Amino acid sequence: MKSIYKFMIFIIIVMIVMLILINIREDIKYSSEENAIPPIANEIKTTVKLYFIQGNELVEEKRTIISKDSHIENQIIKELIKGPRNKTLISPMPKNVKIISAETIEGIYYLNLSREFIDNNLWNTIDRRLIIWSIVNSVTELNYIKGVQFLIEGEKMTFDFEKYSLESPFMFSEDFIREDKNTPFGVIKEFLNNILTSRYDKAYTMLSDESRKSISFEDFKDIFSDYNNDLENYDIFTYHTQKFSNYVKVTVIYVFLEADGFDYNKKIEEDWKLVRENGMWKIVVID
């Protein structure tokens with residue numbers, strides 16, 4: 001009997017020890033979870049183009065930025081607020097402006113800023129187009145952003161300036177960038193000028209390699225020989241550039257020109273595709 005009692009006591013002791021060990025293990029587990037160090041978010045390192053103001057032009061400044069999320073556009077705005085490294089350039093945004101909210105929806109970047117953006121000396125003394133496109137061009141350098149919609153404390157700006165409306169998104173524009181003849185729109189303008197002056201030989205050299213392989217000079221000349229008639233009395237009104245991973249698309253809008261000005265009811269819209277070859281923009285006429 002004594003042996004049985006001893007055995008039972010031994011079993012009870014073993015069970016008690018096991019229960020104690022289990023409780024200690026659970027305590028360690030919970031303690032580890034409470035003190036766990038969260039994983040560090042992956043940092044994204046990107047080189048971007050920022051556009052700052054100098055005189056009546058926008059000047060490009062390249063900068064490498066580090067972001068902890070995929071919204072590089074938000075970091076670009078913060079870098080514009082920080083200002084240029086070249087002190088001869090001017091930032092489009094005052095230091096005290098606040099980003100209330102910012103999000104990208106279907107390629108449009110909705111930038112909601114505090115009133116300091118327009119209630120400052122810069123907005124009232126400098127060409128406002130430079131301020132707008134300094135921001136727009138910087139953000140739309142990203143391939144996935146087509147335009148920027150400005151908001152001031154949640155509301156669209158209701159006043160217009162020049163021929164532009166602040167109630168609609170703004171697209172990339174080369175108009176104010178320091179002149180470089182080999183910009184996409186600059187190439188299109190030169191190409192059209194060659195066509196309109198019957199310099200088909202010069203225009204043909206502006207095509208991409210693939211286009212010139214696909215279309216002979218004679219066929220090219222036949223295609224564009226009637227171009228003067230198609231655009232007679234039309235003039236370029238505006239354009240916008242959309243960037244993709246391996247090409248850009250320039251949409252040119254022509255408006256009928258009458259004696260007393262443009263007839264905005266008569267418009268022609270054309271899309272031009274350009275690719276980069278040997279450091280130059282070339283026009284694609286055959287897909």
# chains A, B, ... in the order shown; residues from 1 in each chain; ligands from 1
>>> select_by_dssp(residues="region 120-262 of chain A", states="strand (DSSP E or B)", output="ChimeraX atom specification")
/A:147-152,155,160-161,164-165,170-172,177,207,234-243,248-258,261-262
>>> write_last_selection(atoms="C-alpha atoms", output="compact mmCIF listing (two decimals), in the first residue's frame")
# COMPACT_ATOMS: atom_id res chain seq x y z
CA GLY A 147 -2.68 65.18 -63.66
CA VAL A 148 -3.01 67.20 -60.45
CA GLN A 149 -6.24 68.57 -58.97
CA PHE A 150 -5.65 71.41 -56.51
CA LEU A 151 -7.87 71.90 -53.47
CA ILE A 152 -7.67 74.59 -50.81
CA GLU A 155 -12.60 73.20 -51.85
CA ASP A 160 -9.45 81.28 -63.26
CA PHE A 161 -6.34 82.86 -64.70
CA TYR A 164 -6.73 77.91 -67.39
CA SER A 165 -9.30 76.81 -64.84
CA PHE A 170 -3.66 70.12 -64.67
CA MET A 171 -1.52 67.98 -66.97
CA PHE A 172 2.23 68.08 -67.60
CA ILE A 177 10.54 74.58 -68.75
CA LEU A 207 10.61 59.53 -87.31
CA TYR A 234 -6.30 76.02 -87.54
CA ASP A 235 -3.70 76.91 -84.94
CA ILE A 236 -2.35 75.07 -81.89
CA PHE A 237 -4.39 76.14 -78.87
CA THR A 238 -2.94 73.91 -76.18
CA TYR A 239 -1.46 70.49 -75.57
CA HIS A 240 -0.67 68.09 -72.77
CA THR A 241 1.90 65.36 -72.36
CA GLN A 242 1.30 61.96 -70.79
CA LYS A 243 4.29 59.84 -69.85
CA VAL A 248 5.24 59.62 -74.22
CA LYS A 249 1.96 60.72 -75.75
CA VAL A 250 1.48 64.36 -76.71
CA THR A 251 -2.12 65.42 -77.29
CA VAL A 252 -2.29 68.55 -79.43
CA ILE A 253 -5.53 70.54 -79.64
CA TYR A 254 -6.02 72.80 -82.65
CA VAL A 255 -8.70 75.49 -82.71
CA PHE A 256 -10.12 77.24 -85.77
CA LEU A 257 -8.65 80.72 -86.12
CA GLU A 258 -10.99 83.44 -87.37
CA GLY A 261 -9.91 85.14 -82.62
CA PHE A 262 -10.39 81.44 -81.91
>>> closest_residue(among="A:Asp119, A:Asp175, A:Asp127, A:Glu269", to="Leu231 (chain A)", atoms="only C-alpha atoms")
A:Glu269
>>> residues_around(residues="Phe244 (chain A)", least_positions_apart="2", cutoff="12 Å", atoms="only C-alpha atoms", output="list in words")
Gly107, Thr140, Glu141, Leu142, Asn143, Tyr144, Ile145, Lys146, Thr241, Gln242, Asn246, Tyr247, Val248, Lys249, Val250, Lys273, Leu274, Val275 and Arg276 of chain A
>>> write_last_selection(atoms="all heavy atoms", output="short mmCIF file (atom, residue, chain, number, x, y, z; two decimals), in the first residue's frame")
data_model
loop_
_atom_site.label_atom_id
_atom_site.label_comp_id
_atom_site.auth_asym_id
_atom_site.auth_seq_id
_atom_site.Cartn_x
_atom_site.Cartn_y
_atom_site.Cartn_z
N GLY A 107 -5.21 57.92 -61.52
CA GLY A 107 -4.20 58.71 -62.21
C GLY A 107 -4.22 60.19 -61.92
O GLY A 107 -3.34 60.92 -62.39
N THR A 140 3.84 64.87 -62.04
CA THR A 140 3.49 64.07 -63.22
C THR A 140 4.71 63.49 -63.92
O THR A 140 4.56 62.79 -64.93
CB THR A 140 2.65 64.89 -64.23
OG1 THR A 140 3.34 66.10 -64.55
CG2 THR A 140 1.28 65.22 -63.65
N GLU A 141 5.91 63.75 -63.42
CA GLU A 141 7.08 63.01 -63.89
C GLU A 141 6.93 61.53 -63.54
O GLU A 141 7.56 60.68 -64.17
CB GLU A 141 8.36 63.57 -63.28
CG GLU A 141 8.88 64.84 -63.93
CD GLU A 141 9.52 64.61 -65.29
OE1 GLU A 141 9.74 63.44 -65.66
OE2 GLU A 141 9.79 65.60 -66.00
N LEU A 142 6.11 61.23 -62.53
CA LEU A 142 5.82 59.84 -62.19
C LEU A 142 4.89 59.26 -63.25
O LEU A 142 3.87 59.86 -63.59
CB LEU A 142 5.17 59.76 -60.81
CG LEU A 142 6.00 60.32 -59.64
CD1 LEU A 142 5.17 60.35 -58.36
CD2 LEU A 142 7.27 59.50 -59.43
N ASN A 143 5.21 58.08 -63.75
CA ASN A 143 4.47 57.51 -64.87
C ASN A 143 3.00 57.27 -64.56
O ASN A 143 2.16 57.30 -65.46
CB ASN A 143 5.11 56.19 -65.31
CG ASN A 143 6.47 56.39 -65.94
OD1 ASN A 143 6.73 57.44 -66.52
ND2 ASN A 143 7.34 55.41 -65.84
N TYR A 144 2.67 57.01 -63.31
CA TYR A 144 1.30 56.62 -62.98
C TYR A 144 0.40 57.81 -62.64
O TYR A 144 -0.77 57.63 -62.32
CB TYR A 144 1.29 55.61 -61.83
CG TYR A 144 1.96 56.06 -60.56
CD1 TYR A 144 1.26 56.76 -59.58
CD2 TYR A 144 3.31 55.79 -60.33
CE1 TYR A 144 1.87 57.17 -58.41
CE2 TYR A 144 3.94 56.20 -59.17
CZ TYR A 144 3.21 56.88 -58.21
OH TYR A 144 3.83 57.29 -57.05
N ILE A 145 0.94 59.03 -62.72
CA ILE A 145 0.11 60.21 -62.44
C ILE A 145 -0.06 61.02 -63.72
O ILE A 145 0.91 61.45 -64.33
CB ILE A 145 0.72 61.07 -61.32
CG1 ILE A 145 0.70 60.29 -60.01
CG2 ILE A 145 -0.04 62.39 -61.17
CD1 ILE A 145 1.16 61.05 -58.81
N LYS A 146 -1.31 61.24 -64.11
CA LYS A 146 -1.62 61.96 -65.35
C LYS A 146 -1.88 63.44 -65.11
O LYS A 146 -1.69 64.26 -66.00
CB LYS A 146 -2.85 61.33 -66.02
CG LYS A 146 -2.65 59.89 -66.46
CD LYS A 146 -3.89 59.35 -67.15
CE LYS A 146 -5.04 59.18 -66.17
NZ LYS A 146 -6.22 58.53 -66.79
N THR A 241 1.00 66.49 -72.18
CA THR A 241 1.90 65.36 -72.36
C THR A 241 1.62 64.31 -71.30
O THR A 241 1.49 64.63 -70.12
CB THR A 241 3.37 65.80 -72.25
OG1 THR A 241 3.61 66.86 -73.19
CG2 THR A 241 4.32 64.65 -72.53
N GLN A 242 1.50 63.07 -71.73
CA GLN A 242 1.30 61.96 -70.79
C GLN A 242 2.47 61.00 -70.93
O GLN A 242 2.80 60.57 -72.04
CB GLN A 242 -0.01 61.25 -71.10
CG GLN A 242 -0.42 60.23 -70.04
CD GLN A 242 -1.81 59.67 -70.28
OE1 GLN A 242 -2.53 60.16 -71.14
NE2 GLN A 242 -2.18 58.66 -69.54
N ASN A 246 7.75 53.51 -71.52
CA ASN A 246 8.71 53.47 -72.63
C ASN A 246 8.36 54.42 -73.78
O ASN A 246 8.93 54.33 -74.86
CB ASN A 246 8.85 52.04 -73.16
CG ASN A 246 7.51 51.46 -73.59
OD1 ASN A 246 6.47 52.07 -73.36
ND2 ASN A 246 7.54 50.30 -74.21
N TYR A 247 7.41 55.32 -73.56
CA TYR A 247 7.09 56.32 -74.57
C TYR A 247 6.29 57.45 -73.93
O TYR A 247 5.86 57.35 -72.77
CB TYR A 247 6.30 55.71 -75.73
CG TYR A 247 4.88 55.32 -75.41
CD1 TYR A 247 3.81 56.18 -75.68
CD2 TYR A 247 4.59 54.08 -74.83
CE1 TYR A 247 2.50 55.83 -75.39
CE2 TYR A 247 3.29 53.72 -74.53
CZ TYR A 247 2.25 54.59 -74.81
OH TYR A 247 0.96 54.24 -74.51
N VAL A 248 6.11 58.54 -74.67
CA VAL A 248 5.24 59.62 -74.22
C VAL A 248 4.18 59.86 -75.28
O VAL A 248 4.39 59.59 -76.47
CB VAL A 248 6.00 60.93 -73.94
CG1 VAL A 248 7.04 60.74 -72.85
CG2 VAL A 248 6.63 61.48 -75.20
N LYS A 249 3.03 60.36 -74.83
CA LYS A 249 1.96 60.72 -75.75
C LYS A 249 1.69 62.21 -75.60
O LYS A 249 1.45 62.69 -74.50
CB LYS A 249 0.68 59.93 -75.45
CG LYS A 249 -0.45 60.24 -76.43
CD LYS A 249 -1.69 59.40 -76.15
CE LYS A 249 -2.42 59.87 -74.92
NZ LYS A 249 -3.72 59.18 -74.72
N VAL A 250 1.77 62.93 -76.71
CA VAL A 250 1.48 64.36 -76.71
C VAL A 250 0.15 64.56 -77.42
O VAL A 250 0.00 64.21 -78.59
CB VAL A 250 2.59 65.16 -77.42
CG1 VAL A 250 2.22 66.65 -77.45
CG2 VAL A 250 3.92 64.96 -76.72
N LYS A 273 2.70 59.97 -80.65
CA LYS A 273 3.50 59.07 -79.81
C LYS A 273 4.97 59.28 -80.12
O LYS A 273 5.37 59.36 -81.29
CB LYS A 273 3.10 57.62 -80.09
CG LYS A 273 3.88 56.59 -79.27
CD LYS A 273 3.40 55.18 -79.60
CE LYS A 273 4.20 54.12 -78.85
NZ LYS A 273 3.74 52.74 -79.17
N LEU A 274 5.79 59.41 -79.08
CA LEU A 274 7.22 59.60 -79.25
C LEU A 274 8.00 58.61 -78.39
O LEU A 274 7.57 58.28 -77.28
CB LEU A 274 7.64 61.02 -78.89
CG LEU A 274 7.05 62.15 -79.75
CD1 LEU A 274 5.80 62.72 -79.10
CD2 LEU A 274 8.08 63.27 -79.95
N VAL A 275 9.14 58.18 -78.91
CA VAL A 275 10.02 57.29 -78.16
C VAL A 275 11.42 57.91 -78.12
O VAL A 275 11.76 58.76 -78.94
CB VAL A 275 10.09 55.88 -78.80
CG1 VAL A 275 8.73 55.19 -78.72
CG2 VAL A 275 10.56 55.96 -80.25
N ARG A 276 12.19 57.47 -77.15
CA ARG A 276 13.55 57.99 -76.98
C ARG A 276 14.53 57.08 -77.71
O ARG A 276 14.58 55.88 -77.46
CB ARG A 276 13.88 58.03 -75.49
CG ARG A 276 15.05 58.91 -75.11
CD ARG A 276 14.66 60.35 -75.09
NE ARG A 276 15.70 61.17 -74.47
CZ ARG A 276 15.75 62.48 -74.56
NH1 ARG A 276 14.83 63.13 -75.25
NH2 ARG A 276 16.70 63.16 -73.97
#
>>> residues_around(residues="Leu122 (chain A)", least_positions_apart="5", cutoff="12 Å", atoms="only C-alpha atoms", output="PDB file with N, CA and C atoms, in the first residue's frame")
ATOM      1  N   ILE A  53      11.399  77.509 -59.711  1.00  0.00           N
ATOM      2  CA  ILE A  53      11.195  78.720 -60.512  1.00  0.00           C
ATOM      3  C   ILE A  53      12.478  79.543 -60.563  1.00  0.00           C
ATOM      4  N   ILE A  90      13.558  79.291 -56.864  1.00  0.00           N
ATOM      5  CA  ILE A  90      12.488  79.619 -55.919  1.00  0.00           C
ATOM      6  C   ILE A  90      11.521  78.444 -55.831  1.00  0.00           C
ATOM      7  N   SER A  91      11.132  78.099 -54.619  1.00  0.00           N
ATOM      8  CA  SER A  91      10.132  77.054 -54.417  1.00  0.00           C
ATOM      9  C   SER A  91       8.742  77.607 -54.716  1.00  0.00           C
ATOM     10  N   PRO A  92       7.847  76.781 -55.267  1.00  0.00           N
ATOM     11  CA  PRO A  92       6.486  77.254 -55.530  1.00  0.00           C
ATOM     12  C   PRO A  92       5.608  77.277 -54.287  1.00  0.00           C
ATOM     13  N   MET A  93       6.126  76.767 -53.180  1.00  0.00           N
ATOM     14  CA  MET A  93       5.299  76.603 -51.994  1.00  0.00           C
ATOM     15  C   MET A  93       5.952  77.257 -50.780  1.00  0.00           C
ATOM     16  N   PRO A  94       5.198  78.043 -50.019  1.00  0.00           N
ATOM     17  CA  PRO A  94       5.757  78.655 -48.812  1.00  0.00           C
ATOM     18  C   PRO A  94       6.042  77.606 -47.742  1.00  0.00           C
ATOM     19  N   LYS A  95       6.969  77.912 -46.864  1.00  0.00           N
ATOM     20  CA  LYS A  95       7.373  76.960 -45.829  1.00  0.00           C
ATOM     21  C   LYS A  95       6.230  76.611 -44.878  1.00  0.00           C
ATOM     22  N   GLU A 116      -2.468  78.907 -46.813  1.00  0.00           N
ATOM     23  CA  GLU A 116      -1.168  79.565 -46.960  1.00  0.00           C
ATOM     24  C   GLU A 116      -0.614  79.425 -48.378  1.00  0.00           C
ATOM     25  N   PHE A 117      -1.109  78.426 -49.114  1.00  0.00           N
ATOM     26  CA  PHE A 117      -0.628  78.224 -50.484  1.00  0.00           C
ATOM     27  C   PHE A 117      -0.935  79.434 -51.370  1.00  0.00           C
ATOM     28  N   ASP A 127       4.325  84.985 -61.637  1.00  0.00           N
ATOM     29  CA  ASP A 127       3.420  84.373 -62.611  1.00  0.00           C
ATOM     30  C   ASP A 127       2.863  83.079 -62.010  1.00  0.00           C
ATOM     31  N   ARG A 128       1.564  83.049 -61.767  1.00  0.00           N
ATOM     32  CA  ARG A 128       0.957  81.905 -61.084  1.00  0.00           C
ATOM     33  C   ARG A 128       1.071  80.614 -61.890  1.00  0.00           C
ATOM     34  N   ARG A 129       1.206  80.743 -63.184  1.00  0.00           N
ATOM     35  CA  ARG A 129       1.379  79.546 -64.009  1.00  0.00           C
ATOM     36  C   ARG A 129       2.660  78.814 -63.634  1.00  0.00           C
ATOM     37  N   LEU A 130       3.694  79.563 -63.282  1.00  0.00           N
ATOM     38  CA  LEU A 130       4.952  78.946 -62.860  1.00  0.00           C
ATOM     39  C   LEU A 130       4.765  78.182 -61.551  1.00  0.00           C
ATOM     40  N   ILE A 131       3.985  78.752 -60.646  1.00  0.00           N
ATOM     41  CA  ILE A 131       3.721  78.089 -59.365  1.00  0.00           C
ATOM     42  C   ILE A 131       2.978  76.778 -59.597  1.00  0.00           C
ATOM     43  N   ILE A 132       1.921  76.849 -60.407  1.00  0.00           N
ATOM     44  CA  ILE A 132       1.098  75.666 -60.667  1.00  0.00           C
ATOM     45  C   ILE A 132       1.916  74.573 -61.339  1.00  0.00           C
TER      46      ILE A 132
END
>>> closest_atom_pairs(of="region 126-145 of chain A", to="region 61-81 of chain A", cutoff="8 Å", atoms="only C-alpha atoms", output="CSV")
residue,atom,partner,partner_atom,distance
A:Ile135,CA,A:Ile77,CA,7.4
A:Ser138,CA,A:Ile76,CA,7.2
A:Val139,CA,A:Glu73,CA,5.8
A:Leu142,CA,A:Glu73,CA,7.7
>>> atom_distance(atom1="CA of Asn124 (chain A)", atom2="CA of Glu60 (chain A)")
23.3 Å
>>> residues_around(residues="Asn228 (chain A)", least_positions_apart="4", cutoff="10 Å", atoms="only C-alpha atoms", output="PyMOL selection string")
chain A and resi 192+195-198+224+232-234
>>> select_by_dssp(residues="region 88-249 of chain A", states="helix (DSSP H, G or I)", output="ChimeraX atom specification")
/A:115-117,121-125,128-140,184-196,200-204,209-214,217-224,227-230
>>> atom_distance(atom1="CA of Phe176 (chain A)", atom2="CA of Ile105 (chain A)")
26.5 Å
>>> closest_residue(among="A:Glu153, A:Ser208, A:Trp133, A:Val59", to="Val97 (chain A)", atoms="only C-alpha atoms")
A:Glu153
>>> atom_distance(atom1="CA of Tyr204 (chain A)", atom2="CA of Val284 (chain A)")
10.8 Å
>>> closest_residue(among="A:Pro169, A:Glu57, A:Thr125, A:Met206", to="Gly186 (chain A)", atoms="only C-alpha atoms")
A:Met206
>>> decode(residues="region 221-248 of chain A", atoms="N, CA, C and O atoms", output="PDB file, in the first residue's frame")
ATOM      1  N   LYS A 221       5.517  60.952 -97.713  1.00  0.00           N
ATOM      2  CA  LYS A 221       5.207  62.219 -98.379  1.00  0.00           C
ATOM      3  C   LYS A 221       3.755  62.240 -98.849  1.00  0.00           C
ATOM      4  O   LYS A 221       3.059  63.262 -98.722  1.00  0.00           O
ATOM      5  N   ASP A 222       3.272  61.118 -99.375  1.00  0.00           N
ATOM      6  CA  ASP A 222       1.878  61.039 -99.831  1.00  0.00           C
ATOM      7  C   ASP A 222       0.903  61.215 -98.664  1.00  0.00           C
ATOM      8  O   ASP A 222      -0.124  61.890 -98.788  1.00  0.00           O
ATOM      9  N   ILE A 223       1.238  60.592 -97.530  1.00  0.00           N
ATOM     10  CA  ILE A 223       0.346  60.652 -96.364  1.00  0.00           C
ATOM     11  C   ILE A 223       0.204  62.081 -95.849  1.00  0.00           C
ATOM     12  O   ILE A 223      -0.891  62.550 -95.528  1.00  0.00           O
ATOM     13  N   PHE A 224       1.335  62.803 -95.797  1.00  0.00           N
ATOM     14  CA  PHE A 224       1.322  64.120 -95.169  1.00  0.00           C
ATOM     15  C   PHE A 224       1.193  65.285 -96.157  1.00  0.00           C
ATOM     16  O   PHE A 224       1.163  66.441 -95.740  1.00  0.00           O
ATOM     17  N   SER A 225       1.088  64.979 -97.445  1.00  0.00           N
ATOM     18  CA  SER A 225       1.005  66.069 -98.432  1.00  0.00           C
ATOM     19  C   SER A 225      -0.291  66.867 -98.303  1.00  0.00           C
ATOM     20  O   SER A 225      -0.345  68.049 -98.661  1.00  0.00           O
ATOM     21  N   ASP A 226      -1.349  66.218 -97.809  1.00  0.00           N
ATOM     22  CA  ASP A 226      -2.627  66.920 -97.647  1.00  0.00           C
ATOM     23  C   ASP A 226      -2.788  67.530 -96.257  1.00  0.00           C
ATOM     24  O   ASP A 226      -3.853  68.051 -95.924  1.00  0.00           O
ATOM     25  N   TYR A 227      -1.741  67.464 -95.482  1.00  0.00           N
ATOM     26  CA  TYR A 227      -1.839  67.936 -94.101  1.00  0.00           C
ATOM     27  C   TYR A 227      -2.145  69.434 -94.028  1.00  0.00           C
ATOM     28  O   TYR A 227      -2.890  69.889 -93.164  1.00  0.00           O
ATOM     29  N   ASN A 228      -1.563  70.192 -94.957  1.00  0.00           N
ATOM     30  CA  ASN A 228      -1.817  71.641 -94.976  1.00  0.00           C
ATOM     31  C   ASN A 228      -3.299  71.938 -95.135  1.00  0.00           C
ATOM     32  O   ASN A 228      -3.853  72.829 -94.479  1.00  0.00           O
ATOM     33  N   ASN A 229      -3.957  71.182 -96.018  1.00  0.00           N
ATOM     34  CA  ASN A 229      -5.386  71.402 -96.246  1.00  0.00           C
ATOM     35  C   ASN A 229      -6.211  71.009 -95.024  1.00  0.00           C
ATOM     36  O   ASN A 229      -7.186  71.680 -94.675  1.00  0.00           O
ATOM     37  N   ASP A 230      -5.809  69.910 -94.377  1.00  0.00           N
ATOM     38  CA  ASP A 230      -6.561  69.439 -93.208  1.00  0.00           C
ATOM     39  C   ASP A 230      -6.541  70.460 -92.072  1.00  0.00           C
ATOM     40  O   ASP A 230      -7.524  70.612 -91.339  1.00  0.00           O
ATOM     41  N   LEU A 231      -5.413  71.152 -91.922  1.00  0.00           N
ATOM     42  CA  LEU A 231      -5.270  72.089 -90.803  1.00  0.00           C
ATOM     43  C   LEU A 231      -5.312  73.553 -91.244  1.00  0.00           C
ATOM     44  O   LEU A 231      -4.893  74.437 -90.494  1.00  0.00           O
ATOM     45  N   GLU A 232      -5.826  73.792 -92.424  1.00  0.00           N
ATOM     46  CA  GLU A 232      -5.907  75.173 -92.899  1.00  0.00           C
ATOM     47  C   GLU A 232      -6.785  76.004 -91.958  1.00  0.00           C
ATOM     48  O   GLU A 232      -7.883  75.602 -91.583  1.00  0.00           O
ATOM     49  N   ASN A 233      -6.275  77.154 -91.568  1.00  0.00           N
ATOM     50  CA  ASN A 233      -6.958  78.090 -90.659  1.00  0.00           C
ATOM     51  C   ASN A 233      -7.065  77.572 -89.218  1.00  0.00           C
ATOM     52  O   ASN A 233      -7.798  78.144 -88.410  1.00  0.00           O
ATOM     53  N   TYR A 234      -6.346  76.505 -88.915  1.00  0.00           N
ATOM     54  CA  TYR A 234      -6.304  76.024 -87.539  1.00  0.00           C
ATOM     55  C   TYR A 234      -4.948  76.376 -86.928  1.00  0.00           C
ATOM     56  O   TYR A 234      -3.931  76.430 -87.625  1.00  0.00           O
ATOM     57  N   ASP A 235      -4.950  76.617 -85.633  1.00  0.00           N
ATOM     58  CA  ASP A 235      -3.700  76.907 -84.937  1.00  0.00           C
ATOM     59  C   ASP A 235      -3.676  76.111 -83.635  1.00  0.00           C
ATOM     60  O   ASP A 235      -4.728  75.765 -83.084  1.00  0.00           O
ATOM     61  N   ILE A 236      -2.468  75.824 -83.144  1.00  0.00           N
ATOM     62  CA  ILE A 236      -2.349  75.073 -81.890  1.00  0.00           C
ATOM     63  C   ILE A 236      -2.855  75.943 -80.741  1.00  0.00           C
ATOM     64  O   ILE A 236      -2.384  77.066 -80.534  1.00  0.00           O
ATOM     65  N   PHE A 237      -3.821  75.415 -80.007  1.00  0.00           N
ATOM     66  CA  PHE A 237      -4.390  76.139 -78.871  1.00  0.00           C
ATOM     67  C   PHE A 237      -3.714  75.718 -77.568  1.00  0.00           C
ATOM     68  O   PHE A 237      -3.291  76.542 -76.765  1.00  0.00           O
ATOM     69  N   THR A 238      -3.595  74.425 -77.375  1.00  0.00           N
ATOM     70  CA  THR A 238      -2.940  73.911 -76.176  1.00  0.00           C
ATOM     71  C   THR A 238      -2.532  72.465 -76.424  1.00  0.00           C
ATOM     72  O   THR A 238      -2.810  71.893 -77.481  1.00  0.00           O
ATOM     73  N   TYR A 239      -1.887  71.882 -75.468  1.00  0.00           N
ATOM     74  CA  TYR A 239      -1.462  70.488 -75.570  1.00  0.00           C
ATOM     75  C   TYR A 239      -1.215  69.966 -74.166  1.00  0.00           C
ATOM     76  O   TYR A 239      -1.101  70.734 -73.204  1.00  0.00           O
ATOM     77  N   HIS A 240      -1.141  68.663 -74.027  1.00  0.00           N
ATOM     78  CA  HIS A 240      -0.668  68.088 -72.773  1.00  0.00           C
ATOM     79  C   HIS A 240       0.089  66.801 -73.062  1.00  0.00           C
ATOM     80  O   HIS A 240      -0.131  66.145 -74.078  1.00  0.00           O
ATOM     81  N   THR A 241       1.003  66.495 -72.183  1.00  0.00           N
ATOM     82  CA  THR A 241       1.901  65.355 -72.360  1.00  0.00           C
ATOM     83  C   THR A 241       1.619  64.308 -71.300  1.00  0.00           C
ATOM     84  O   THR A 241       1.490  64.633 -70.122  1.00  0.00           O
ATOM     85  N   GLN A 242       1.503  63.072 -71.726  1.00  0.00           N
ATOM     86  CA  GLN A 242       1.298  61.959 -70.794  1.00  0.00           C
ATOM     87  C   GLN A 242       2.471  60.997 -70.932  1.00  0.00           C
ATOM     88  O   GLN A 242       2.804  60.568 -72.040  1.00  0.00           O
ATOM     89  N   LYS A 243       3.093  60.673 -69.819  1.00  0.00           N
ATOM     90  CA  LYS A 243       4.292  59.841 -69.853  1.00  0.00           C
ATOM     91  C   LYS A 243       3.963  58.399 -69.485  1.00  0.00           C
ATOM     92  O   LYS A 243       3.227  58.138 -68.534  1.00  0.00           O
ATOM     93  N   PHE A 244       4.533  57.478 -70.252  1.00  0.00           N
ATOM     94  CA  PHE A 244       4.414  56.056 -69.981  1.00  0.00           C
ATOM     95  C   PHE A 244       5.814  55.490 -69.779  1.00  0.00           C
ATOM     96  O   PHE A 244       6.809  56.211 -69.892  1.00  0.00           O
ATOM     97  N   SER A 245       5.893  54.207 -69.488  1.00  0.00           N
ATOM     98  CA  SER A 245       7.191  53.634 -69.128  1.00  0.00           C
ATOM     99  C   SER A 245       8.200  53.690 -70.270  1.00  0.00           C
ATOM    100  O   SER A 245       9.391  53.915 -70.047  1.00  0.00           O
ATOM    101  N   ASN A 246       7.753  53.508 -71.516  1.00  0.00           N
ATOM    102  CA  ASN A 246       8.711  53.471 -72.629  1.00  0.00           C
ATOM    103  C   ASN A 246       8.361  54.418 -73.775  1.00  0.00           C
ATOM    104  O   ASN A 246       8.931  54.330 -74.856  1.00  0.00           O
ATOM    105  N   TYR A 247       7.407  55.319 -73.556  1.00  0.00           N
ATOM    106  CA  TYR A 247       7.090  56.325 -74.568  1.00  0.00           C
ATOM    107  C   TYR A 247       6.290  57.452 -73.928  1.00  0.00           C
ATOM    108  O   TYR A 247       5.865  57.351 -72.773  1.00  0.00           O
ATOM    109  N   VAL A 248       6.109  58.537 -74.672  1.00  0.00           N
ATOM    110  CA  VAL A 248       5.237  59.620 -74.219  1.00  0.00           C
ATOM    111  C   VAL A 248       4.178  59.863 -75.282  1.00  0.00           C
ATOM    112  O   VAL A 248       4.386  59.590 -76.468  1.00  0.00           O
TER     113      VAL A 248
END
